[in-house]
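run.pdb follows; it contains PDB, C-alpha atoms.
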ATOM      1  CA  MET A  16    -171.381 -96.052 -51.551  1.00  0.00           C
ATOM      2  CA  LYS A  17    -174.486 -97.382 -49.869  1.00  0.00           C
ATOM      3  CA  GLY A  18    -172.822 -96.905 -46.451  1.00  0.00           C
ATOM      4  CA  CYS A  19    -171.963 -93.281 -47.287  1.00  0.00           C
ATOM      5  CA  ASN A  20    -175.543 -92.611 -48.329  1.00  0.00           C
ATOM      6  CA  SER A  21    -176.828 -94.114 -45.085  1.00  0.00           C
ATOM      7  CA  ARG A  22    -174.461 -91.980 -43.034  1.00  0.00           C
ATOM      8  CA  TRP A  23    -175.455 -88.900 -45.046  1.00  0.00           C
ATOM      9  CA  LEU A  24    -179.165 -89.572 -44.591  1.00  0.00           C
ATOM     10  CA  GLY A  25    -178.600 -90.185 -40.899  1.00  0.00           C
ATOM     11  CA  LEU A  26    -176.741 -86.897 -40.571  1.00  0.00           C
ATOM     12  CA  MET A  27    -179.476 -85.026 -42.413  1.00  0.00           C
ATOM     13  CA  LEU A  28    -182.119 -86.572 -40.161  1.00  0.00           C
ATOM     14  CA  LEU A  29    -180.177 -85.655 -37.008  1.00  0.00           C
ATOM     15  CA  THR A  30    -179.706 -82.090 -38.263  1.00  0.00           C
ATOM     16  CA  ALA A  31    -183.406 -81.778 -39.029  1.00  0.00           C
ATOM     17  CA  ILE A  32    -184.275 -83.025 -35.553  1.00  0.00           C
ATOM     18  CA  LEU A  33    -181.890 -80.580 -33.910  1.00  0.00           C
ATOM     19  CA  ILE A  34    -183.203 -77.676 -35.982  1.00  0.00           C
ATOM     20  CA  GLY A  35    -186.751 -78.712 -35.220  1.00  0.00           C
ATOM     21  CA  CYS A  36    -186.023 -78.803 -31.498  1.00  0.00           C
ATOM     22  CA  GLN A  37    -184.386 -75.416 -31.697  1.00  0.00           C
ATOM     23  CA  ASP A  38    -187.338 -73.978 -33.608  1.00  0.00           C
ATOM     24  CA  ASN A  39    -189.779 -75.377 -31.059  1.00  0.00           C
ATOM     25  CA  HIS A  40    -187.791 -73.833 -28.255  1.00  0.00           C
ATOM     26  CA  ASP A  41    -187.565 -70.466 -29.979  1.00  0.00           C
ATOM     27  CA  ASN A  42    -191.272 -70.491 -30.807  1.00  0.00           C
ATOM     28  CA  LYS A  43    -192.382 -71.135 -27.223  1.00  0.00           C
ATOM     29  CA  ILE A  44    -193.816 -68.394 -25.031  1.00  0.00           C
ATOM     30  CA  ILE A  45    -193.599 -68.907 -21.272  1.00  0.00           C
ATOM     31  CA  VAL A  46    -196.637 -67.372 -19.579  1.00  0.00           C
ATOM     32  CA  ALA A  47    -196.789 -66.889 -15.814  1.00  0.00           C
ATOM     33  CA  THR A  48    -200.497 -66.831 -15.085  1.00  0.00           C
ATOM     34  CA  ALA A  49    -202.598 -66.323 -11.979  1.00  0.00           C
ATOM     35  CA  ALA A  50    -204.460 -69.489 -10.977  1.00  0.00           C
ATOM     36  CA  ASN A  51    -207.892 -67.963 -11.601  1.00  0.00           C
ATOM     37  CA  MET A  52    -206.918 -67.571 -15.259  1.00  0.00           C
ATOM     38  CA  GLU A  53    -205.684 -71.126 -15.822  1.00  0.00           C
ATOM     39  CA  SER A  54    -208.678 -72.452 -17.788  1.00  0.00           C
ATOM     40  CA  ALA A  55    -209.188 -69.222 -19.704  1.00  0.00           C
ATOM     41  CA  MET A  56    -205.476 -69.026 -20.494  1.00  0.00           C
ATOM     42  CA  GLN A  57    -205.501 -72.570 -21.817  1.00  0.00           C
ATOM     43  CA  ALA A  58    -208.332 -71.599 -24.159  1.00  0.00           C
ATOM     44  CA  LEU A  59    -206.538 -68.415 -25.219  1.00  0.00           C
ATOM     45  CA  THR A  60    -203.213 -70.130 -25.896  1.00  0.00           C
ATOM     46  CA  ILE A  61    -204.830 -73.002 -27.794  1.00  0.00           C
ATOM     47  CA  GLU A  62    -206.549 -70.486 -30.045  1.00  0.00           C
ATOM     48  CA  TYR A  63    -203.336 -68.516 -30.564  1.00  0.00           C
ATOM     49  CA  THR A  64    -201.349 -71.666 -31.323  1.00  0.00           C
ATOM     50  CA  HIS A  65    -203.990 -72.649 -33.866  1.00  0.00           C
ATOM     51  CA  LYS A  66    -203.653 -69.240 -35.516  1.00  0.00           C
ATOM     52  CA  THR A  67    -199.874 -68.885 -35.450  1.00  0.00           C
ATOM     53  CA  GLY A  68    -198.200 -72.193 -34.606  1.00  0.00           C
ATOM     54  CA  VAL A  69    -196.510 -70.591 -31.587  1.00  0.00           C
ATOM     55  CA  GLU A  70    -196.371 -72.919 -28.586  1.00  0.00           C
ATOM     56  CA  PHE A  71    -196.788 -72.120 -24.885  1.00  0.00           C
ATOM     57  CA  GLU A  72    -195.676 -73.188 -21.460  1.00  0.00           C
ATOM     58  CA  LEU A  73    -197.967 -72.098 -18.617  1.00  0.00           C
ATOM     59  CA  ILE A  74    -196.624 -71.481 -15.126  1.00  0.00           C
ATOM     60  CA  VAL A  75    -199.632 -71.286 -12.808  1.00  0.00           C
ATOM     61  CA  GLY A  76    -199.621 -69.884  -9.272  1.00  0.00           C
ATOM     62  CA  SER A  77    -200.693 -67.066  -7.011  1.00  0.00           C
ATOM     63  CA  SER A  78    -199.976 -63.578  -8.327  1.00  0.00           C
ATOM     64  CA  GLY A  79    -197.823 -62.810  -5.292  1.00  0.00           C
ATOM     65  CA  LYS A  80    -195.679 -65.920  -5.682  1.00  0.00           C
ATOM     66  CA  LEU A  81    -195.220 -65.376  -9.418  1.00  0.00           C
ATOM     67  CA  THR A  82    -194.218 -61.768  -8.759  1.00  0.00           C
ATOM     68  CA  ALA A  83    -191.516 -62.901  -6.339  1.00  0.00           C
ATOM     69  CA  GLN A  84    -190.208 -65.364  -8.919  1.00  0.00           C
ATOM     70  CA  ILE A  85    -190.068 -62.697 -11.636  1.00  0.00           C
ATOM     71  CA  ILE A  86    -188.265 -60.253  -9.362  1.00  0.00           C
ATOM     72  CA  GLU A  87    -185.738 -63.012  -8.664  1.00  0.00           C
ATOM     73  CA  GLY A  88    -185.178 -63.489 -12.392  1.00  0.00           C
ATOM     74  CA  ALA A  89    -187.518 -66.308 -13.440  1.00  0.00           C
ATOM     75  CA  PRO A  90    -187.369 -66.594 -17.268  1.00  0.00           C
ATOM     76  CA  TYR A  91    -191.009 -65.817 -18.040  1.00  0.00           C
ATOM     77  CA  ASP A  92    -192.086 -63.865 -21.112  1.00  0.00           C
ATOM     78  CA  ILE A  93    -195.487 -62.579 -19.982  1.00  0.00           C
ATOM     79  CA  PHE A  94    -197.047 -62.136 -16.539  1.00  0.00           C
ATOM     80  CA  VAL A  95    -200.848 -62.399 -16.469  1.00  0.00           C
ATOM     81  CA  ALA A  96    -201.924 -61.444 -12.952  1.00  0.00           C
ATOM     82  CA  ALA A  97    -205.151 -61.373 -10.946  1.00  0.00           C
ATOM     83  CA  ASN A  98    -204.877 -57.680 -10.096  1.00  0.00           C
ATOM     84  CA  MET A  99    -202.801 -54.595 -10.879  1.00  0.00           C
ATOM     85  CA  LYS A 100    -200.793 -54.508  -7.645  1.00  0.00           C
ATOM     86  CA  TYR A 101    -198.417 -57.283  -8.592  1.00  0.00           C
ATOM     87  CA  PRO A 102    -197.735 -56.273 -12.221  1.00  0.00           C
ATOM     88  CA  GLU A 103    -197.083 -52.758 -10.903  1.00  0.00           C
ATOM     89  CA  ALA A 104    -194.552 -54.228  -8.461  1.00  0.00           C
ATOM     90  CA  VAL A 105    -192.848 -56.013 -11.349  1.00  0.00           C
ATOM     91  CA  TYR A 106    -192.772 -52.772 -13.328  1.00  0.00           C
ATOM     92  CA  ALA A 107    -191.466 -50.766 -10.366  1.00  0.00           C
ATOM     93  CA  GLY A 108    -188.734 -53.367  -9.904  1.00  0.00           C
ATOM     94  CA  GLY A 109    -187.505 -52.859 -13.453  1.00  0.00           C
ATOM     95  CA  LYS A 110    -188.634 -56.304 -14.561  1.00  0.00           C
ATOM     96  CA  ALA A 111    -191.335 -55.250 -17.028  1.00  0.00           C
ATOM     97  CA  LYS A 112    -190.988 -53.852 -20.528  1.00  0.00           C
ATOM     98  CA  ASN A 113    -194.229 -51.896 -20.310  1.00  0.00           C
ATOM     99  CA  GLU A 114    -196.574 -50.404 -17.758  1.00  0.00           C
ATOM    100  CA  PRO A 115    -199.282 -52.811 -16.554  1.00  0.00           C
ATOM    101  CA  LYS A 116    -202.513 -52.790 -18.503  1.00  0.00           C
ATOM    102  CA  VAL A 117    -205.911 -54.175 -17.480  1.00  0.00           C
ATOM    103  CA  TYR A 118    -207.000 -57.012 -19.753  1.00  0.00           C
ATOM    104  CA  ALA A 119    -210.085 -58.128 -17.772  1.00  0.00           C
ATOM    105  CA  LYS A 120    -212.032 -57.709 -14.544  1.00  0.00           C
ATOM    106  CA  GLY A 121    -212.762 -60.707 -12.366  1.00  0.00           C
ATOM    107  CA  LYS A 122    -215.817 -61.663 -10.322  1.00  0.00           C
ATOM    108  CA  LEU A 123    -216.115 -63.454  -6.990  1.00  0.00           C
ATOM    109  CA  VAL A 124    -218.537 -66.299  -6.218  1.00  0.00           C
ATOM    110  CA  LEU A 125    -219.405 -68.519  -3.263  1.00  0.00           C
ATOM    111  CA  TRP A 126    -219.304 -72.210  -4.238  1.00  0.00           C
ATOM    112  CA  SER A 127    -219.994 -75.604  -2.698  1.00  0.00           C
ATOM    113  CA  MET A 128    -219.629 -79.143  -4.010  1.00  0.00           C
ATOM    114  CA  VAL A 129    -221.401 -80.681  -1.016  1.00  0.00           C
ATOM    115  CA  GLU A 130    -224.973 -81.720  -1.724  1.00  0.00           C
ATOM    116  CA  ASN A 131    -227.714 -80.072   0.310  1.00  0.00           C
ATOM    117  CA  THR A 132    -225.334 -77.380   1.585  1.00  0.00           C
ATOM    118  CA  PRO A 133    -227.101 -74.005   1.436  1.00  0.00           C
ATOM    119  CA  VAL A 134    -224.925 -71.542  -0.478  1.00  0.00           C
ATOM    120  CA  SER A 135    -225.335 -68.106   1.065  1.00  0.00           C
ATOM    121  CA  ILE A 136    -223.494 -65.677   3.297  1.00  0.00           C
ATOM    122  CA  VAL A 137    -225.901 -66.552   6.125  1.00  0.00           C
ATOM    123  CA  ALA A 138    -225.051 -70.248   5.777  1.00  0.00           C
ATOM    124  CA  LEU A 139    -221.390 -69.560   6.563  1.00  0.00           C
ATOM    125  CA  SER A 140    -222.294 -69.193  10.235  1.00  0.00           C
ATOM    126  CA  ASP A 141    -224.203 -72.494  10.337  1.00  0.00           C
ATOM    127  CA  PRO A 142    -222.545 -75.038  12.686  1.00  0.00           C
ATOM    128  CA  VAL A 143    -222.727 -77.714   9.980  1.00  0.00           C
ATOM    129  CA  VAL A 144    -220.241 -75.677   7.938  1.00  0.00           C
ATOM    130  CA  GLU A 145    -216.893 -76.507   9.523  1.00  0.00           C
ATOM    131  CA  HIS A 146    -214.492 -75.197   6.888  1.00  0.00           C
ATOM    132  CA  ILE A 147    -214.714 -72.226   4.529  1.00  0.00           C
ATOM    133  CA  ALA A 148    -212.072 -71.953   1.798  1.00  0.00           C
ATOM    134  CA  LEU A 149    -210.591 -68.748   0.446  1.00  0.00           C
ATOM    135  CA  ALA A 150    -207.311 -67.781  -1.158  1.00  0.00           C
ATOM    136  CA  ASN A 151    -204.573 -66.278   0.985  1.00  0.00           C
ATOM    137  CA  PRO A 152    -205.108 -62.476   0.931  1.00  0.00           C
ATOM    138  CA  LYS A 153    -201.341 -61.984   1.267  1.00  0.00           C
ATOM    139  CA  THR A 154    -200.645 -63.468  -2.159  1.00  0.00           C
ATOM    140  CA  ALA A 155    -203.956 -63.839  -4.015  1.00  0.00           C
ATOM    141  CA  PRO A 156    -206.211 -60.925  -5.056  1.00  0.00           C
ATOM    142  CA  TYR A 157    -209.343 -63.089  -4.913  1.00  0.00           C
ATOM    143  CA  GLY A 158    -208.467 -63.769  -1.288  1.00  0.00           C
ATOM    144  CA  VAL A 159    -208.421 -60.030  -0.650  1.00  0.00           C
ATOM    145  CA  ALA A 160    -211.868 -59.749  -2.233  1.00  0.00           C
ATOM    146  CA  ALA A 161    -213.245 -62.597  -0.112  1.00  0.00           C
ATOM    147  CA  GLN A 162    -211.854 -61.060   3.046  1.00  0.00           C
ATOM    148  CA  GLU A 163    -213.442 -57.723   2.167  1.00  0.00           C
ATOM    149  CA  VAL A 164    -216.806 -59.472   1.836  1.00  0.00           C
ATOM    150  CA  LEU A 165    -216.428 -61.085   5.255  1.00  0.00           C
ATOM    151  CA  GLN A 166    -215.421 -57.737   6.747  1.00  0.00           C
ATOM    152  CA  HIS A 167    -218.503 -56.123   5.239  1.00  0.00           C
ATOM    153  CA  TYR A 168    -220.730 -58.610   7.051  1.00  0.00           C
ATOM    154  CA  GLY A 169    -218.681 -58.488  10.266  1.00  0.00           C
ATOM    155  CA  LEU A 170    -217.803 -62.171   9.966  1.00  0.00           C
ATOM    156  CA  ASN A 171    -214.004 -62.203   9.997  1.00  0.00           C
ATOM    157  CA  GLU A 172    -213.645 -62.836  13.717  1.00  0.00           C
ATOM    158  CA  ILE A 173    -216.803 -64.932  14.031  1.00  0.00           C
ATOM    159  CA  LEU A 174    -215.708 -67.311  11.280  1.00  0.00           C
ATOM    160  CA  GLY A 175    -211.964 -67.152  11.974  1.00  0.00           C
ATOM    161  CA  ALA A 176    -211.631 -70.742  13.172  1.00  0.00           C
ATOM    162  CA  LYS A 177    -213.451 -72.052  10.082  1.00  0.00           C
ATOM    163  CA  LEU A 178    -211.332 -70.322   7.457  1.00  0.00           C
ATOM    164  CA  VAL A 179    -208.830 -72.377   5.474  1.00  0.00           C
ATOM    165  CA  PHE A 180    -206.494 -70.548   3.102  1.00  0.00           C
ATOM    166  CA  GLY A 181    -205.225 -71.762  -0.247  1.00  0.00           C
ATOM    167  CA  GLU A 182    -201.915 -70.481  -1.564  1.00  0.00           C
ATOM    168  CA  SER A 183    -203.730 -69.555  -4.763  1.00  0.00           C
ATOM    169  CA  ILE A 184    -207.259 -69.691  -6.112  1.00  0.00           C
ATOM    170  CA  GLY A 185    -206.275 -73.026  -7.678  1.00  0.00           C
ATOM    171  CA  GLN A 186    -205.482 -74.588  -4.315  1.00  0.00           C
ATOM    172  CA  THR A 187    -208.619 -73.012  -2.864  1.00  0.00           C
ATOM    173  CA  ASP A 188    -210.632 -74.685  -5.606  1.00  0.00           C
ATOM    174  CA  GLN A 189    -209.098 -78.029  -4.658  1.00  0.00           C
ATOM    175  CA  PHE A 190    -210.267 -77.588  -1.066  1.00  0.00           C
ATOM    176  CA  ILE A 191    -213.803 -77.053  -2.371  1.00  0.00           C
ATOM    177  CA  ILE A 192    -213.727 -79.770  -5.044  1.00  0.00           C
ATOM    178  CA  SER A 193    -212.337 -82.371  -2.614  1.00  0.00           C
ATOM    179  CA  ARG A 194    -214.925 -81.268  -0.026  1.00  0.00           C
ATOM    180  CA  ALA A 195    -212.164 -80.611   2.493  1.00  0.00           C
ATOM    181  CA  ALA A 196    -214.089 -77.351   2.824  1.00  0.00           C
ATOM    182  CA  GLN A 197    -217.854 -77.498   2.577  1.00  0.00           C
ATOM    183  CA  ILE A 198    -217.988 -74.103   0.907  1.00  0.00           C
ATOM    184  CA  GLY A 199    -215.622 -71.412  -0.302  1.00  0.00           C
ATOM    185  CA  PHE A 200    -214.964 -68.229  -2.241  1.00  0.00           C
ATOM    186  CA  THR A 201    -213.549 -68.551  -5.718  1.00  0.00           C
ATOM    187  CA  ALA A 202    -213.445 -66.904  -9.136  1.00  0.00           C
ATOM    188  CA  LEU A 203    -216.427 -66.982 -11.458  1.00  0.00           C
ATOM    189  CA  SER A 204    -214.044 -68.305 -14.105  1.00  0.00           C
ATOM    190  CA  THR A 205    -213.623 -71.493 -12.038  1.00  0.00           C
ATOM    191  CA  VAL A 206    -217.299 -72.452 -11.976  1.00  0.00           C
ATOM    192  CA  LEU A 207    -217.673 -71.576 -15.664  1.00  0.00           C
ATOM    193  CA  SER A 208    -214.640 -73.595 -16.747  1.00  0.00           C
ATOM    194  CA  PRO A 209    -215.323 -76.664 -18.933  1.00  0.00           C
ATOM    195  CA  GLU A 210    -214.186 -78.966 -16.123  1.00  0.00           C
ATOM    196  CA  MET A 211    -216.433 -77.490 -13.431  1.00  0.00           C
ATOM    197  CA  LYS A 212    -219.393 -76.020 -15.288  1.00  0.00           C
ATOM    198  CA  GLY A 213    -222.660 -77.333 -13.851  1.00  0.00           C
ATOM    199  CA  LYS A 214    -220.985 -78.954 -10.852  1.00  0.00           C
ATOM    200  CA  GLY A 215    -221.967 -78.016  -7.320  1.00  0.00           C
ATOM    201  CA  SER A 216    -223.929 -74.908  -6.356  1.00  0.00           C
ATOM    202  CA  TRP A 217    -222.765 -71.319  -6.454  1.00  0.00           C
ATOM    203  CA  ILE A 218    -223.965 -67.755  -6.140  1.00  0.00           C
ATOM    204  CA  PRO A 219    -222.348 -64.531  -7.384  1.00  0.00           C
ATOM    205  CA  ILE A 220    -221.128 -62.078  -4.769  1.00  0.00           C
ATOM    206  CA  ASN A 221    -222.307 -58.505  -5.201  1.00  0.00           C
ATOM    207  CA  PRO A 222    -219.324 -56.664  -6.764  1.00  0.00           C
ATOM    208  CA  SER A 223    -220.071 -53.607  -4.618  1.00  0.00           C
ATOM    209  CA  LEU A 224    -218.882 -55.591  -1.576  1.00  0.00           C
ATOM    210  CA  TYR A 225    -215.272 -55.913  -2.726  1.00  0.00           C
ATOM    211  CA  SER A 226    -212.684 -53.849  -4.562  1.00  0.00           C
ATOM    212  CA  ASN A 227    -212.586 -54.125  -8.343  1.00  0.00           C
ATOM    213  CA  ILE A 228    -210.517 -57.099  -9.409  1.00  0.00           C
ATOM    214  CA  ASN A 229    -208.731 -55.350 -12.267  1.00  0.00           C
ATOM    215  CA  GLN A 230    -206.473 -58.007 -13.732  1.00  0.00           C
ATOM    216  CA  GLY A 231    -203.267 -56.755 -15.301  1.00  0.00           C
ATOM    217  CA  VAL A 232    -200.623 -58.027 -17.696  1.00  0.00           C
ATOM    218  CA  VAL A 233    -197.033 -57.039 -18.471  1.00  0.00           C
ATOM    219  CA  LEU A 234    -194.279 -58.208 -20.777  1.00  0.00           C
ATOM    220  CA  VAL A 235    -191.409 -59.422 -18.605  1.00  0.00           C
ATOM    221  CA  GLU A 236    -187.943 -57.917 -19.067  1.00  0.00           C
ATOM    222  CA  ARG A 237    -185.497 -60.789 -19.439  1.00  0.00           C
ATOM    223  CA  LYS A 238    -181.710 -60.913 -19.504  1.00  0.00           C
ATOM    224  CA  GLU A 239    -181.908 -63.346 -22.396  1.00  0.00           C
ATOM    225  CA  ASP A 240    -182.728 -62.306 -25.932  1.00  0.00           C
ATOM    226  CA  THR A 241    -186.217 -60.908 -26.270  1.00  0.00           C
ATOM    227  CA  ASN A 242    -188.825 -63.456 -27.285  1.00  0.00           C
ATOM    228  CA  GLN A 243    -190.088 -62.000 -30.555  1.00  0.00           C
ATOM    229  CA  TYR A 244    -193.404 -63.843 -30.233  1.00  0.00           C
ATOM    230  CA  ALA A 245    -194.345 -62.526 -26.775  1.00  0.00           C
ATOM    231  CA  GLN A 246    -195.449 -59.120 -28.064  1.00  0.00           C
ATOM    232  CA  GLY A 247    -197.791 -60.771 -30.532  1.00  0.00           C
ATOM    233  CA  PHE A 248    -199.561 -62.767 -27.848  1.00  0.00           C
ATOM    234  CA  TYR A 249    -199.684 -59.718 -25.565  1.00  0.00           C
ATOM    235  CA  ASP A 250    -201.476 -57.801 -28.326  1.00  0.00           C
ATOM    236  CA  PHE A 251    -203.791 -60.765 -28.924  1.00  0.00           C
ATOM    237  CA  LEU A 252    -205.019 -60.552 -25.303  1.00  0.00           C
ATOM    238  CA  PHE A 253    -206.677 -57.234 -26.167  1.00  0.00           C
ATOM    239  CA  SER A 254    -208.219 -58.398 -29.424  1.00  0.00           C
ATOM    240  CA  VAL A 255    -211.948 -58.853 -29.995  1.00  0.00           C
ATOM    241  CA  GLU A 256    -211.376 -62.584 -30.352  1.00  0.00           C
ATOM    242  CA  ALA A 257    -209.612 -62.876 -26.985  1.00  0.00           C
ATOM    243  CA  LYS A 258    -212.252 -60.741 -25.288  1.00  0.00           C
ATOM    244  CA  GLU A 259    -214.971 -63.114 -26.464  1.00  0.00           C
ATOM    245  CA  ILE A 260    -213.078 -66.030 -24.907  1.00  0.00           C
ATOM    246  CA  LEU A 261    -212.622 -64.114 -21.653  1.00  0.00           C
ATOM    247  CA  LYS A 262    -216.349 -63.336 -21.562  1.00  0.00           C
ATOM    248  CA  GLU A 263    -217.119 -67.055 -21.820  1.00  0.00           C
ATOM    249  CA  PHE A 264    -215.196 -67.520 -18.572  1.00  0.00           C
ATOM    250  CA  GLY A 265    -217.137 -64.797 -16.790  1.00  0.00           C
ATOM    251  CA  TYR A 266    -214.677 -61.933 -17.072  1.00  0.00           C
ATOM    252  CA  LEU A 267    -215.683 -58.364 -17.767  1.00  0.00           C
ATOM    253  CA  VAL A 268    -213.754 -56.786 -20.623  1.00  0.00           C
ATOM    254  CA  ASP A 269    -213.745 -53.281 -22.031  1.00  0.00           C
ATOM    255  CA  GLU A 270    -215.770 -52.981 -25.163  1.00  0.00           C
TER
END

I need this file expressed as structure tokens, please.
Amino acid sequence: MKGCNSRWLGLMLLTAILIGCQDNHDNKIIVATAANMESAMQALTIEYTHKTGVEFELIVGSSGKLTAQIIEGAPYDIFVAANMKYPEAVYAGGKAKNEPKVYAKGKLVLWSMVENTPVSIVALSDPVVEHIALANPKTAPYGVAAQEVLQHYGLNEILGAKLVFGESIGQTDQFIISRAAQIGFTALSTVLSPEMKGKGSWIPINPSLYSNINQGVVLVERKEDTNQYAQGFYDFLFSVEAKEILKEFGYLVDE
């Protein structure tokens, strides 16, 4: 009798574990997020998990690369991009459930982690500055913005040999943090993140010098069953609570 009870308890425990694993899987939202949003997205998802118990998996990369993955069928639930171009491409390709919507506007800064390095547009031409980091304009909207700034000042050709391109703003940040580049263009959200706040020197770039960085989001159309929790988090991104978090990371949000 004791052996039967042990087997029964063991079976119940195994069943509970399997159900628990299944519930965790079903409750997880997979978010493809642009690298500039990584820290802010971590804060947003932590808050949402605290409120609802829903868990998240973040896939971080350049907006262009994430778009290519979604078009190829990557099983993401939500795409949080660094501009509107890429979500619109996802929508045009029939991979989005809704038209793209702007959730925030980003800002560009010039940042250095090297002590005694002057942080200014003029300083970019100084011979002591050997490498200038920026995101690849072909895949990263913040790279487009940085290139527009250089074009405005007529520096693209002059500084060409100094420019080093990150695949995403995240990789660009690593060039700056590691001092592989003495200075570089990045997102305001990077220098305001908990990990980087107060480190190095930075200046904001006048927004009139680059196109608006209107960051868009879409729900991804998947072949699998619709994730019932994705819509809830999508709606949360436009809530007053989420907007306050985005503001803390330097984003502009509609009031």

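Proximity of A:His146, A:Lys66, A:Lys116, A:Arg237 to Tyr249 of chain A, computed with only C-alpha atoms, is greatest for A:Lys116.
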
Evaluate the PyMOL selection byres ((chain A and resi 98) around 8) and report residues as a ChimeraX atom specification: /A:78,96-97,99-102,156,228-231

Per residue of segment 71-156 of chain A within 10 Å of segment 56-65 of chain A, which atom pair is closest and at what distance in Å (one decimal), using all atoms listed in the file, listed by chain and increasing number, as CSV?
residue,atom,partner,partner_atom,distance
A:Phe71,CA,A:Thr60,CA,6.8
A:Glu72,CA,A:Thr60,CA,9.3
A:Leu73,CA,A:Gln57,CA,8.2
A:Val75,CA,A:Met56,CA,9.9
A:Val95,CA,A:Met56,CA,9.0

Chain and number of each residue from the PyMOL selection byres ((chain A and resi 171-178) around 12), as a VMD selection string: chain A and resid 136 to 152 158 161 to 170 179 to 181 187 190 195 to 200

Export C-alpha atoms of the chosen residues as a PDB file, in the coordinates of the input?
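Contents of again-v4.pdb, freshly written:
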ATOM      1  CA  ILE A 136    -223.494 -65.677   3.297  1.00  0.00           C
ATOM      2  CA  VAL A 137    -225.901 -66.552   6.125  1.00  0.00           C
ATOM      3  CA  ALA A 138    -225.051 -70.248   5.777  1.00  0.00           C
ATOM      4  CA  LEU A 139    -221.390 -69.560   6.563  1.00  0.00           C
ATOM      5  CA  SER A 140    -222.294 -69.193  10.235  1.00  0.00           C
ATOM      6  CA  ASP A 141    -224.203 -72.494  10.337  1.00  0.00           C
ATOM      7  CA  PRO A 142    -222.545 -75.038  12.686  1.00  0.00           C
ATOM      8  CA  VAL A 143    -222.727 -77.714   9.980  1.00  0.00           C
ATOM      9  CA  VAL A 144    -220.241 -75.677   7.938  1.00  0.00           C
ATOM     10  CA  GLU A 145    -216.893 -76.507   9.523  1.00  0.00           C
ATOM     11  CA  HIS A 146    -214.492 -75.197   6.888  1.00  0.00           C
ATOM     12  CA  ILE A 147    -214.714 -72.226   4.529  1.00  0.00           C
ATOM     13  CA  ALA A 148    -212.072 -71.953   1.798  1.00  0.00           C
ATOM     14  CA  LEU A 149    -210.591 -68.748   0.446  1.00  0.00           C
ATOM     15  CA  ALA A 150    -207.311 -67.781  -1.158  1.00  0.00           C
ATOM     16  CA  ASN A 151    -204.573 -66.278   0.985  1.00  0.00           C
ATOM     17  CA  PRO A 152    -205.108 -62.476   0.931  1.00  0.00           C
ATOM     18  CA  GLY A 158    -208.467 -63.769  -1.288  1.00  0.00           C
ATOM     19  CA  ALA A 161    -213.245 -62.597  -0.112  1.00  0.00           C
ATOM     20  CA  GLN A 162    -211.854 -61.060   3.046  1.00  0.00           C
ATOM     21  CA  GLU A 163    -213.442 -57.723   2.167  1.00  0.00           C
ATOM     22  CA  VAL A 164    -216.806 -59.472   1.836  1.00  0.00           C
ATOM     23  CA  LEU A 165    -216.428 -61.085   5.255  1.00  0.00           C
ATOM     24  CA  GLN A 166    -215.421 -57.737   6.747  1.00  0.00           C
ATOM     25  CA  HIS A 167    -218.503 -56.123   5.239  1.00  0.00           C
ATOM     26  CA  TYR A 168    -220.730 -58.610   7.051  1.00  0.00           C
ATOM     27  CA  GLY A 169    -218.681 -58.488  10.266  1.00  0.00           C
ATOM     28  CA  LEU A 170    -217.803 -62.171   9.966  1.00  0.00           C
ATOM     29  CA  VAL A 179    -208.830 -72.377   5.474  1.00  0.00           C
ATOM     30  CA  PHE A 180    -206.494 -70.548   3.102  1.00  0.00           C
ATOM     31  CA  GLY A 181    -205.225 -71.762  -0.247  1.00  0.00           C
ATOM     32  CA  THR A 187    -208.619 -73.012  -2.864  1.00  0.00           C
ATOM     33  CA  PHE A 190    -210.267 -77.588  -1.066  1.00  0.00           C
ATOM     34  CA  ALA A 195    -212.164 -80.611   2.493  1.00  0.00           C
ATOM     35  CA  ALA A 196    -214.089 -77.351   2.824  1.00  0.00           C
ATOM     36  CA  GLN A 197    -217.854 -77.498   2.577  1.00  0.00           C
ATOM     37  CA  ILE A 198    -217.988 -74.103   0.907  1.00  0.00           C
ATOM     38  CA  GLY A 199    -215.622 -71.412  -0.302  1.00  0.00           C
ATOM     39  CA  PHE A 200    -214.964 -68.229  -2.241  1.00  0.00           C
TER      40      PHE A 200
END

Minimum-distance residue to Ile191 of chain A, chosen among A:Ala155, A:Phe253, A:Ser127, A:Tyr244 (using only C-alpha atoms):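 Of A:Ala155, A:Phe253, A:Ser127, A:Tyr244, the one nearest Ile191 of chain A is A:Ser127, counting only C-alpha atoms.
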
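Our summary of the geometry notes that atom CA of Leu224 of chain A is positioned 24.8 Å from atom CA of Pro115 of chain A.
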